[in-house]
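Novice: File follows, run.pdb with PDB, C-alpha atoms:
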MODEL        1
ATOM      1  CA  THR G   1    -250.310  54.156   0.415  1.00  0.00           C
ATOM      2  CA  ILE G   2    -246.546  53.527   0.598  1.00  0.00           C
ATOM      3  CA  VAL G   3    -246.343  52.021   4.069  1.00  0.00           C
ATOM      4  CA  ARG G   4    -248.949  51.437   6.757  1.00  0.00           C
ATOM      5  CA  GLU G   5    -248.554  52.046  10.471  1.00  0.00           C
ATOM      6  CA  GLY G   6    -246.743  49.131  12.088  1.00  0.00           C
ATOM      7  CA  ASP G   7    -245.258  47.804   8.812  1.00  0.00           C
ATOM      8  CA  THR G   8    -241.520  47.316   8.410  1.00  0.00           C
ATOM      9  CA  VAL G   9    -239.797  50.113   6.496  1.00  0.00           C
ATOM     10  CA  THR G  10    -237.741  48.258   3.896  1.00  0.00           C
ATOM     11  CA  ASN G  11    -235.166  49.587   1.431  1.00  0.00           C
ATOM     12  CA  ASP G  12    -237.802  49.387  -1.304  1.00  0.00           C
ATOM     13  CA  VAL G  13    -240.101  51.678   0.703  1.00  0.00           C
ATOM     14  CA  LEU G  14    -237.260  54.139   1.347  1.00  0.00           C
ATOM     15  CA  GLN G  15    -236.492  54.211  -2.364  1.00  0.00           C
ATOM     16  CA  LYS G  16    -240.113  55.011  -3.203  1.00  0.00           C
ATOM     17  CA  ILE G  17    -240.148  57.821  -0.623  1.00  0.00           C
ATOM     18  CA  SER G  18    -236.908  59.199  -2.063  1.00  0.00           C
ATOM     19  CA  ILE G  19    -238.385  59.228  -5.582  1.00  0.00           C
ATOM     20  CA  LEU G  20    -241.554  60.964  -4.376  1.00  0.00           C
ATOM     21  CA  ASN G  21    -239.561  63.612  -2.503  1.00  0.00           C
ATOM     22  CA  LYS G  22    -237.379  64.230  -5.541  1.00  0.00           C
ATOM     23  CA  ASN G  23    -240.412  64.585  -7.819  1.00  0.00           C
ATOM     24  CA  ALA G  24    -242.102  66.898  -5.292  1.00  0.00           C
ATOM     25  CA  ARG G  25    -239.051  69.185  -5.221  1.00  0.00           C
ATOM     26  CA  THR G  26    -238.828  69.201  -9.019  1.00  0.00           C
ATOM     27  CA  SER G  27    -242.542  69.892  -9.350  1.00  0.00           C
ATOM     28  CA  HIS G  28    -242.317  72.813  -6.911  1.00  0.00           C
ATOM     29  CA  LEU G  29    -239.274  74.225  -8.727  1.00  0.00           C
ATOM     30  CA  ASN G  30    -241.022  73.880 -12.087  1.00  0.00           C
ATOM     31  CA  PHE G  31    -244.034  75.708 -10.658  1.00  0.00           C
ATOM     32  CA  ILE G  32    -241.862  78.597  -9.454  1.00  0.00           C
ATOM     33  CA  LEU G  33    -240.017  78.806 -12.787  1.00  0.00           C
ATOM     34  CA  GLY G  34    -243.331  78.744 -14.649  1.00  0.00           C
ATOM     35  CA  VAL G  35    -244.690  81.566 -12.487  1.00  0.00           C
ATOM     36  CA  ILE G  36    -241.551  83.664 -13.006  1.00  0.00           C
ATOM     37  CA  PHE G  37    -241.588  83.108 -16.773  1.00  0.00           C
ATOM     38  CA  LEU G  38    -245.281  83.983 -17.046  1.00  0.00           C
ATOM     39  CA  GLN G  39    -244.765  87.105 -14.934  1.00  0.00           C
ATOM     40  CA  LEU G  40    -241.936  88.225 -17.207  1.00  0.00           C
ATOM     41  CA  LEU G  41    -244.313  87.950 -20.153  1.00  0.00           C
ATOM     42  CA  PHE G  42    -246.936  89.969 -18.270  1.00  0.00           C
ATOM     43  CA  VAL G  43    -244.317  92.584 -17.360  1.00  0.00           C
ATOM     44  CA  LEU G  44    -243.313  92.939 -21.022  1.00  0.00           C
ATOM     45  CA  ILE G  45    -246.951  93.423 -22.017  1.00  0.00           C
ATOM     46  CA  MET G  46    -247.475  95.919 -19.174  1.00  0.00           C
ATOM     47  CA  SER G  47    -244.289  97.784 -20.077  1.00  0.00           C
ATOM     48  CA  PHE G  48    -245.389  98.187 -23.697  1.00  0.00           C
ATOM     49  CA  PHE G  49    -248.781  99.467 -22.595  1.00  0.00           C
ATOM     50  CA  THR G  50    -247.505 101.787 -19.870  1.00  0.00           C
ATOM     51  CA  PHE G  51    -244.755 103.314 -21.969  1.00  0.00           C
ATOM     52  CA  THR G  52    -247.312 104.023 -24.676  1.00  0.00           C
ATOM     53  CA  TYR G  53    -249.426 105.974 -22.173  1.00  0.00           C
ATOM     54  CA  GLU G  54    -246.571 106.982 -19.899  1.00  0.00           C
ATOM     55  CA  MET G  55    -247.682 110.568 -19.279  1.00  0.00           C
ATOM     56  CA  VAL G  56    -251.152 109.420 -18.197  1.00  0.00           C
ATOM     57  CA  TYR G  57    -250.029 106.695 -15.788  1.00  0.00           C
ATOM     58  CA  PHE G  58    -246.640 107.932 -14.568  1.00  0.00           C
ATOM     59  CA  PRO G  59    -246.439 111.633 -13.685  1.00  0.00           C
ATOM     60  CA  ASP G  60    -242.689 111.163 -13.064  1.00  0.00           C
ATOM     61  CA  LYS G  61    -239.931 108.713 -13.995  1.00  0.00           C
ATOM     62  CA  LYS G  62    -239.707 107.369 -10.441  1.00  0.00           C
ATOM     63  CA  GLY G  63    -243.213 105.957 -10.716  1.00  0.00           C
ATOM     64  CA  ILE G  64    -241.977 102.839 -12.498  1.00  0.00           C
ATOM     65  CA  ILE G  65    -239.576 102.075  -9.620  1.00  0.00           C
ATOM     66  CA  VAL G  66    -242.317 102.638  -7.035  1.00  0.00           C
ATOM     67  CA  VAL G  67    -244.791 100.341  -8.791  1.00  0.00           C
ATOM     68  CA  CYS G  68    -242.207  97.627  -9.473  1.00  0.00           C
ATOM     69  CA  SER G  69    -241.041  97.637  -5.845  1.00  0.00           C
ATOM     70  CA  LEU G  70    -244.608  97.185  -4.582  1.00  0.00           C
ATOM     71  CA  ILE G  71    -245.353  94.398  -7.072  1.00  0.00           C
ATOM     72  CA  LEU G  72    -242.060  92.673  -6.206  1.00  0.00           C
ATOM     73  CA  PHE G  73    -242.992  92.776  -2.500  1.00  0.00           C
ATOM     74  CA  PHE G  74    -246.381  91.250  -3.343  1.00  0.00           C
ATOM     75  CA  MET G  75    -244.831  88.458  -5.414  1.00  0.00           C
ATOM     76  CA  ILE G  76    -242.262  87.530  -2.739  1.00  0.00           C
ATOM     77  CA  TYR G  77    -244.902  87.568   0.006  1.00  0.00           C
ATOM     78  CA  SER G  78    -247.267  85.392  -2.051  1.00  0.00           C
ATOM     79  CA  PHE G  79    -244.787  82.505  -2.049  1.00  0.00           C
ATOM     80  CA  PHE G  80    -244.957  82.339   1.762  1.00  0.00           C
ATOM     81  CA  VAL G  81    -248.752  82.430   2.130  1.00  0.00           C
ATOM     82  CA  ASP G  82    -249.051  78.637   1.935  1.00  0.00           C
ATOM     83  CA  SER G  83    -247.075  78.353   5.158  1.00  0.00           C
ATOM     84  CA  PHE G  84    -250.013  79.818   7.124  1.00  0.00           C
ATOM     85  CA  GLU G  85    -252.203  77.088   8.604  1.00  0.00           C
ATOM     86  CA  VAL G  86    -255.466  78.848   7.737  1.00  0.00           C
ATOM     87  CA  ALA G  87    -254.410  79.100   4.072  1.00  0.00           C
ATOM     88  CA  GLN G  88    -254.148  75.313   3.813  1.00  0.00           C
ATOM     89  CA  ASN G  89    -257.874  74.837   4.420  1.00  0.00           C
ATOM     90  CA  SER G  90    -259.400  77.419   2.072  1.00  0.00           C
ATOM     91  CA  LYS G  91    -258.516  78.986  -1.275  1.00  0.00           C
ATOM     92  CA  ILE G  92    -260.461  82.106  -0.324  1.00  0.00           C
ATOM     93  CA  ALA G  93    -258.308  82.383   2.805  1.00  0.00           C
ATOM     94  CA  VAL G  94    -255.218  82.459   0.571  1.00  0.00           C
ATOM     95  CA  VAL G  95    -256.635  85.442  -1.333  1.00  0.00           C
ATOM     96  CA  LEU G  96    -257.552  87.234   1.901  1.00  0.00           C
ATOM     97  CA  LEU G  97    -254.029  86.744   3.251  1.00  0.00           C
ATOM     98  CA  LEU G  98    -252.470  88.446   0.225  1.00  0.00           C
ATOM     99  CA  PRO G  99    -251.663  92.190   0.514  1.00  0.00           C
ATOM    100  CA  ILE G 100    -253.691  93.149  -2.569  1.00  0.00           C
ATOM    101  CA  PRO G 101    -255.372  96.150  -0.836  1.00  0.00           C
ATOM    102  CA  PHE G 102    -252.036  97.466   0.432  1.00  0.00           C
ATOM    103  CA  VAL G 103    -250.417  97.560  -3.018  1.00  0.00           C
ATOM    104  CA  VAL G 104    -253.464  99.011  -4.771  1.00  0.00           C
ATOM    105  CA  MET G 105    -254.125 101.604  -2.036  1.00  0.00           C
ATOM    106  CA  MET G 106    -250.511 102.743  -2.119  1.00  0.00           C
ATOM    107  CA  ILE G 107    -250.554 103.355  -5.871  1.00  0.00           C
ATOM    108  CA  SER G 108    -253.970 105.039  -5.724  1.00  0.00           C
ATOM    109  CA  ILE G 109    -252.765 107.480  -3.046  1.00  0.00           C
ATOM    110  CA  LEU G 110    -249.266 108.071  -4.398  1.00  0.00           C
ATOM    111  CA  TYR G 111    -250.331 108.472  -8.021  1.00  0.00           C
ATOM    112  CA  ASN G 112    -253.785 108.068  -9.550  1.00  0.00           C
ATOM    113  CA  ILE G 113    -256.813 105.831  -9.904  1.00  0.00           C
ATOM    114  CA  TYR G 114    -255.909 104.794 -13.462  1.00  0.00           C
ATOM    115  CA  LEU G 115    -252.548 103.330 -12.509  1.00  0.00           C
ATOM    116  CA  SER G 116    -254.008 101.627  -9.427  1.00  0.00           C
ATOM    117  CA  LEU G 117    -256.733  99.968 -11.535  1.00  0.00           C
ATOM    118  CA  PHE G 118    -254.145  98.794 -14.033  1.00  0.00           C
ATOM    119  CA  VAL G 119    -251.999  97.255 -11.287  1.00  0.00           C
ATOM    120  CA  ALA G 120    -255.111  95.836  -9.585  1.00  0.00           C
ATOM    121  CA  LEU G 121    -255.988  93.989 -12.795  1.00  0.00           C
ATOM    122  CA  TYR G 122    -252.461  92.587 -12.960  1.00  0.00           C
ATOM    123  CA  LEU G 123    -252.649  91.398  -9.329  1.00  0.00           C
ATOM    124  CA  VAL G 124    -255.993  89.718 -10.047  1.00  0.00           C
ATOM    125  CA  PHE G 125    -254.495  87.649 -12.871  1.00  0.00           C
ATOM    126  CA  TYR G 126    -251.430  86.846 -10.766  1.00  0.00           C
ATOM    127  CA  THR G 127    -253.546  85.726  -7.806  1.00  0.00           C
ATOM    128  CA  LEU G 128    -255.859  83.598  -9.938  1.00  0.00           C
ATOM    129  CA  MET G 129    -252.793  81.923 -11.405  1.00  0.00           C
ATOM    130  CA  MET G 130    -251.408  81.161  -7.931  1.00  0.00           C
ATOM    131  CA  VAL G 131    -254.730  79.891  -6.544  1.00  0.00           C
ATOM    132  CA  GLU G 132    -256.858  77.206  -8.164  1.00  0.00           C
ATOM    133  CA  VAL G 133    -259.650  79.150  -9.834  1.00  0.00           C
ATOM    134  CA  ASP G 134    -263.285  78.725  -8.874  1.00  0.00           C
ATOM    135  CA  PHE G 135    -266.267  81.073  -8.736  1.00  0.00           C
ATOM    136  CA  PRO G 136    -265.895  82.361  -5.124  1.00  0.00           C
ATOM    137  CA  VAL G 137    -262.141  82.947  -5.566  1.00  0.00           C
ATOM    138  CA  VAL G 138    -262.698  84.993  -8.735  1.00  0.00           C
ATOM    139  CA  ILE G 139    -265.402  87.124  -7.094  1.00  0.00           C
ATOM    140  CA  ILE G 140    -263.488  87.883  -3.888  1.00  0.00           C
ATOM    141  CA  THR G 141    -260.238  88.591  -5.772  1.00  0.00           C
ATOM    142  CA  PHE G 142    -261.891  91.048  -8.154  1.00  0.00           C
ATOM    143  CA  SER G 143    -263.888  92.743  -5.390  1.00  0.00           C
ATOM    144  CA  THR G 144    -260.811  93.159  -3.189  1.00  0.00           C
ATOM    145  CA  ALA G 145    -258.668  94.571  -5.996  1.00  0.00           C
ATOM    146  CA  LEU G 146    -261.280  96.932  -7.449  1.00  0.00           C
ATOM    147  CA  MET G 147    -262.608  98.246  -4.128  1.00  0.00           C
ATOM    148  CA  SER G 148    -259.055  98.924  -2.940  1.00  0.00           C
ATOM    149  CA  SER G 149    -258.611 101.316  -5.865  1.00  0.00           C
ATOM    150  CA  PHE G 150    -261.646 103.405  -4.892  1.00  0.00           C
ATOM    151  CA  ILE G 151    -261.810 102.972  -1.129  1.00  0.00           C
ATOM    152  CA  ASN G 152    -259.308 105.735  -0.302  1.00  0.00           C
ATOM    153  CA  LEU G 153    -259.809 107.851  -3.403  1.00  0.00           C
ATOM    154  CA  ASN G 154    -261.244 110.833  -1.506  1.00  0.00           C
ATOM    155  CA  VAL G 155    -259.381 110.574   1.779  1.00  0.00           C
ATOM    156  CA  ASP G 156    -258.623 113.963   3.331  1.00  0.00           C
ATOM    157  CA  LYS G 157    -257.229 112.829   6.676  1.00  0.00           C
ATOM    158  CA  ARG G 158    -254.899 110.015   7.603  1.00  0.00           C
ATOM    159  CA  SER G 159    -257.582 108.627   9.912  1.00  0.00           C
ATOM    160  CA  ASP G 160    -259.706 107.996   6.803  1.00  0.00           C
ATOM    161  CA  PHE G 161    -257.410 105.063   6.001  1.00  0.00           C
ATOM    162  CA  PHE G 162    -258.872 103.140   8.920  1.00  0.00           C
ATOM    163  CA  LYS G 163    -262.440 103.935   7.831  1.00  0.00           C
ATOM    164  CA  GLY G 164    -261.612 102.710   4.343  1.00  0.00           C
ATOM    165  CA  GLY G 165    -260.193  99.471   5.751  1.00  0.00           C
ATOM    166  CA  LEU G 166    -263.341  98.901   7.818  1.00  0.00           C
ATOM    167  CA  LEU G 167    -265.535  99.495   4.778  1.00  0.00           C
ATOM    168  CA  LEU G 168    -263.442  97.140   2.631  1.00  0.00           C
ATOM    169  CA  GLY G 169    -263.582  94.417   5.290  1.00  0.00           C
ATOM    170  CA  ALA G 170    -267.337  94.846   5.778  1.00  0.00           C
ATOM    171  CA  ILE G 171    -268.146  94.673   2.057  1.00  0.00           C
ATOM    172  CA  ASN G 172    -265.949  91.609   1.543  1.00  0.00           C
ATOM    173  CA  SER G 173    -267.610  89.915   4.521  1.00  0.00           C
ATOM    174  CA  LEU G 174    -271.048  90.515   2.993  1.00  0.00           C
ATOM    175  CA  ILE G 175    -269.811  89.156  -0.337  1.00  0.00           C
ATOM    176  CA  LEU G 176    -268.545  86.027   1.419  1.00  0.00           C
ATOM    177  CA  ILE G 177    -271.924  85.520   3.097  1.00  0.00           C
ATOM    178  CA  ALA G 178    -273.677  85.849  -0.279  1.00  0.00           C
ATOM    179  CA  LEU G 179    -271.229  83.365  -1.831  1.00  0.00           C
ATOM    180  CA  ALA G 180    -271.823  80.975   1.075  1.00  0.00           C
ATOM    181  CA  LEU G 181    -275.549  80.994   0.337  1.00  0.00           C
ATOM    182  CA  ILE G 182    -274.868  80.292  -3.355  1.00  0.00           C
ATOM    183  CA  GLU G 183    -272.229  77.605  -2.774  1.00  0.00           C
ATOM    184  CA  ASN G 184    -273.804  76.117   0.377  1.00  0.00           C
ATOM    185  CA  THR G 185    -270.550  76.626   2.270  1.00  0.00           C
ATOM    186  CA  PRO G 186    -270.375  75.489   5.932  1.00  0.00           C
ATOM    187  CA  TRP G 187    -270.952  78.452   8.248  1.00  0.00           C
ATOM    188  CA  LYS G 188    -267.878  77.660  10.285  1.00  0.00           C
ATOM    189  CA  VAL G 189    -265.761  78.259   7.179  1.00  0.00           C
ATOM    190  CA  VAL G 190    -267.746  81.406   6.362  1.00  0.00           C
ATOM    191  CA  LEU G 191    -267.141  82.793   9.856  1.00  0.00           C
ATOM    192  CA  THR G 192    -263.387  82.191   9.582  1.00  0.00           C
ATOM    193  CA  ASN G 193    -263.222  83.783   6.129  1.00  0.00           C
ATOM    194  CA  SER G 194    -265.335  86.751   7.246  1.00  0.00           C
ATOM    195  CA  GLN G 195    -262.950  87.385  10.132  1.00  0.00           C
ATOM    196  CA  LEU G 196    -260.054  87.207   7.692  1.00  0.00           C
ATOM    197  CA  ALA G 197    -261.832  89.643   5.368  1.00  0.00           C
ATOM    198  CA  PHE G 198    -262.256  92.171   8.184  1.00  0.00           C
ATOM    199  CA  ALA G 199    -258.662  91.742   9.298  1.00  0.00           C
ATOM    200  CA  ASN G 200    -257.453  92.000   5.696  1.00  0.00           C
ATOM    201  CA  GLY G 201    -259.151  95.355   5.176  1.00  0.00           C
ATOM    202  CA  ILE G 202    -258.040  96.878   8.462  1.00  0.00           C
ATOM    203  CA  LEU G 203    -254.458  95.576   8.509  1.00  0.00           C
ATOM    204  CA  ASN G 204    -253.781  96.509   4.886  1.00  0.00           C
ATOM    205  CA  SER G 205    -255.112 100.038   5.402  1.00  0.00           C
ATOM    206  CA  ILE G 206    -252.955 100.449   8.534  1.00  0.00           C
ATOM    207  CA  LEU G 207    -249.950  99.102   6.621  1.00  0.00           C
ATOM    208  CA  ALA G 208    -250.587 101.567   3.786  1.00  0.00           C
ATOM    209  CA  LEU G 209    -250.932 104.412   6.314  1.00  0.00           C
ATOM    210  CA  GLY G 210    -247.578 103.522   7.866  1.00  0.00           C
ATOM    211  CA  ILE G 211    -245.634 102.846   4.660  1.00  0.00           C
ATOM    212  CA  PHE G 212    -246.853 105.496   2.242  1.00  0.00           C
ATOM    213  CA  PRO G 213    -245.140 108.427   4.084  1.00  0.00           C
ATOM    214  CA  ILE G 214    -241.843 106.565   3.620  1.00  0.00           C
ATOM    215  CA  TYR G 215    -242.432 106.309  -0.142  1.00  0.00           C
ATOM    216  CA  GLU G 216    -243.634 109.910  -0.134  1.00  0.00           C
ATOM    217  CA  TYR G 217    -240.370 111.064   1.459  1.00  0.00           C
ATOM    218  CA  VAL G 218    -237.854 108.731  -0.235  1.00  0.00           C
ATOM    219  CA  PHE G 219    -239.193 109.292  -3.771  1.00  0.00           C
ATOM    220  CA  ASP G 220    -240.218 112.916  -3.135  1.00  0.00           C
ATOM    221  CA  ILE G 221    -243.789 112.353  -4.322  1.00  0.00           C
ATOM    222  CA  THR G 222    -246.222 115.235  -3.917  1.00  0.00           C
ATOM    223  CA  THR G 223    -249.478 113.806  -2.564  1.00  0.00           C
ATOM    224  CA  LYS G 224    -252.581 115.599  -1.307  1.00  0.00           C
ATOM    225  CA  PHE G 225    -251.339 115.048   2.255  1.00  0.00           C
ATOM    226  CA  LYS G 226    -248.062 116.791   1.541  1.00  0.00           C
ATOM    227  CA  LEU G 227    -249.920 119.700  -0.074  1.00  0.00           C
ATOM    228  CA  LEU G 228    -252.184 119.999   2.972  1.00  0.00           C
ATOM    229  CA  GLU G 229    -249.146 120.050   5.250  1.00  0.00           C
ATOM    230  CA  LEU G 230    -247.445 122.716   3.122  1.00  0.00           C
ATOM    231  CA  SER G 231    -250.603 124.868   3.105  1.00  0.00           C
ATOM    232  CA  ASP G 232    -250.768 124.801   6.921  1.00  0.00           C
ATOM    233  CA  LEU G 233    -249.772 128.305   8.047  1.00  0.00           C
ATOM    234  CA  ASN G 234    -248.714 126.944  11.441  1.00  0.00           C
ATOM    235  CA  ALA G 235    -246.195 124.541   9.845  1.00  0.00           C
ATOM    236  CA  THR G 236    -242.538 125.412  10.313  1.00  0.00           C
TER     237      THR G 236
ENDMDL
END
Would you put the structure from the file into structure tokens?
Specialist:
Amino acid sequence: TIVREGDTVTNDVLQKISILNKNARTSHLNFILGVIFLQLLFVLIMSFFTFTYEMVYFPDKKGIIVVCSLILFFMIYSFFVDSFEVAQNSKIAVVLLLPIPFVVMMISILYNIYLSLFVALYLVFYTLMMVEVDFPVVIITFSTALMSSFINLNVDKRSDFFKGGLLLGAINSLILIALALIENTPWKVVLTNSQLAFANGILNSILALGIFPIYEYVFDITTKFKLLELSDLNAT
């Protein structure tokens, strides 16, 4: 305690507050620099691996730009998650607020399951580094990333995105209930996290549905949806 309510704020107290604020800013900056440095190391490792198996993971040269742009969006967004009030009360809520399904779904649809699993694994390690690791966080992060790779693997219609989001949200909610029984988590917290899990699945699938045609057009990527449209005899 620096100063109690009703006490006089002296110059000594102000000096202590100034030192704490300075250290807090430095600590936050060091954290960001550490994250950036560690990500650069991960990117170098990923680059070596992906270039070795380039023809398997990247059907075209533009694939690297597509993947990097999606990962960059994820990284930038992750720095703002702490500003949400619900994220300040639960580490699981932080994971559920991250757009992991969006990024993984996009890569799975635009390219292939192998590349999406590879990126999903990277996002898992990144998320676990950002959030203090414990058993429930590890489980929900892995389940979200892995299920997002498979959830829209066999979609034939754009409406299937929504079904995939519902399924992802439902499975994550059941996982959270099981974790609550193991960890003896208060049911009020479980209810909030379950609602977040449902919203996470649905909103990320809708976001992927809205954004992937833009990537499809800008980068001229031939997806199953484009092939279906081209095979339509009524198309002009």
Novice: By how many Å are CA of Met129 in chain G and CA of Leu38 in chain G apart?
Specialist: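 Rounded to one decimal, the two atoms are 9.6 Å apart.
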Novice: Looking at G:Ala197, G:Leu209, G:Ala180, G:Leu121, which one is nearest to Arg158 in chain G, with distances taken over all atoms listed in the file?
Specialist: G:Leu209
Novice: Would you translate the PyMOL selection byres ((chain G and resi 150-156) around 9) into the concrete set of residues it matches in this file, as an NGL selection string?
Specialist: :G and (105 or 108-109 or 112-113 or 117 or 146-149 or 157-161 or 163-165 or 167-168 or 224-225 or 228)
Novice: To one decimal in Å, tell me the separation between CA of Leu203 in chain G and CA of Ile76 in chain G.
Specialist: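 Distance between the two atoms: 18.4 Å.
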Novice: Could you tell me how far CA of Ser83 in chain G sits from CA of Asn193 in chain G, in Å to one decimal place?
Specialist: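 Computing it gives 17.1 Å between the two atoms.
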Novice: So what does the PyMOL selection byres ((chain G and resi 134-141) around 9) actually pick up in this one, as a short mmCIF file (atom, residue, chain, number, x, y, z; two decimals) with C-alpha atoms, in the coordinates of the input?
Specialist:
data_model
loop_
_atom_site.label_atom_id
_atom_site.label_comp_id
_atom_site.auth_asym_id
_atom_site.auth_seq_id
_atom_site.Cartn_x
_atom_site.Cartn_y
_atom_site.Cartn_z
CA LYS G 91 -258.52 78.99 -1.27
CA ILE G 92 -260.46 82.11 -0.32
CA VAL G 95 -256.64 85.44 -1.33
CA LEU G 96 -257.55 87.23 1.90
CA ILE G 100 -253.69 93.15 -2.57
CA LEU G 123 -252.65 91.40 -9.33
CA VAL G 124 -255.99 89.72 -10.05
CA THR G 127 -253.55 85.73 -7.81
CA LEU G 128 -255.86 83.60 -9.94
CA VAL G 131 -254.73 79.89 -6.54
CA GLU G 132 -256.86 77.21 -8.16
CA VAL G 133 -259.65 79.15 -9.83
CA PHE G 142 -261.89 91.05 -8.15
CA SER G 143 -263.89 92.74 -5.39
CA THR G 144 -260.81 93.16 -3.19
CA ALA G 145 -258.67 94.57 -6.00
CA LEU G 146 -261.28 96.93 -7.45
CA ASN G 172 -265.95 91.61 1.54
CA ILE G 175 -269.81 89.16 -0.34
CA LEU G 176 -268.54 86.03 1.42
CA LEU G 179 -271.23 83.36 -1.83
CA ALA G 180 -271.82 80.97 1.08
CA GLU G 183 -272.23 77.60 -2.77
#
Novice: Edge lengths and centre in Å to one decimal, as AutoDock Vina command-line options, is what I'm after for the box along x, y and z that holds all listed atoms of range 148-163 of chain G once 8 Å is added on each side.
Specialist:
--center_x -258.7 --center_y 106.4 --center_z 2.0 --size_x 23.5 --size_y 31.0 --size_z 31.8
Novice: Might you pull out every residue within 9 Å of Pro99 in chain G, with only C-alpha atoms counted and same-chain residues fewer than 2 positions away left off, and present them as number ranges by chain?
Specialist: G: 74, 77-78, 95-97, 101-104, 200, 204
Novice: Near Phe219 in chain G, within 9 Å and counting all atoms listed in the file, which residues show up once chain neighbours fewer than 6 positions away are dropped, as a count of residues only?
Specialist: 3
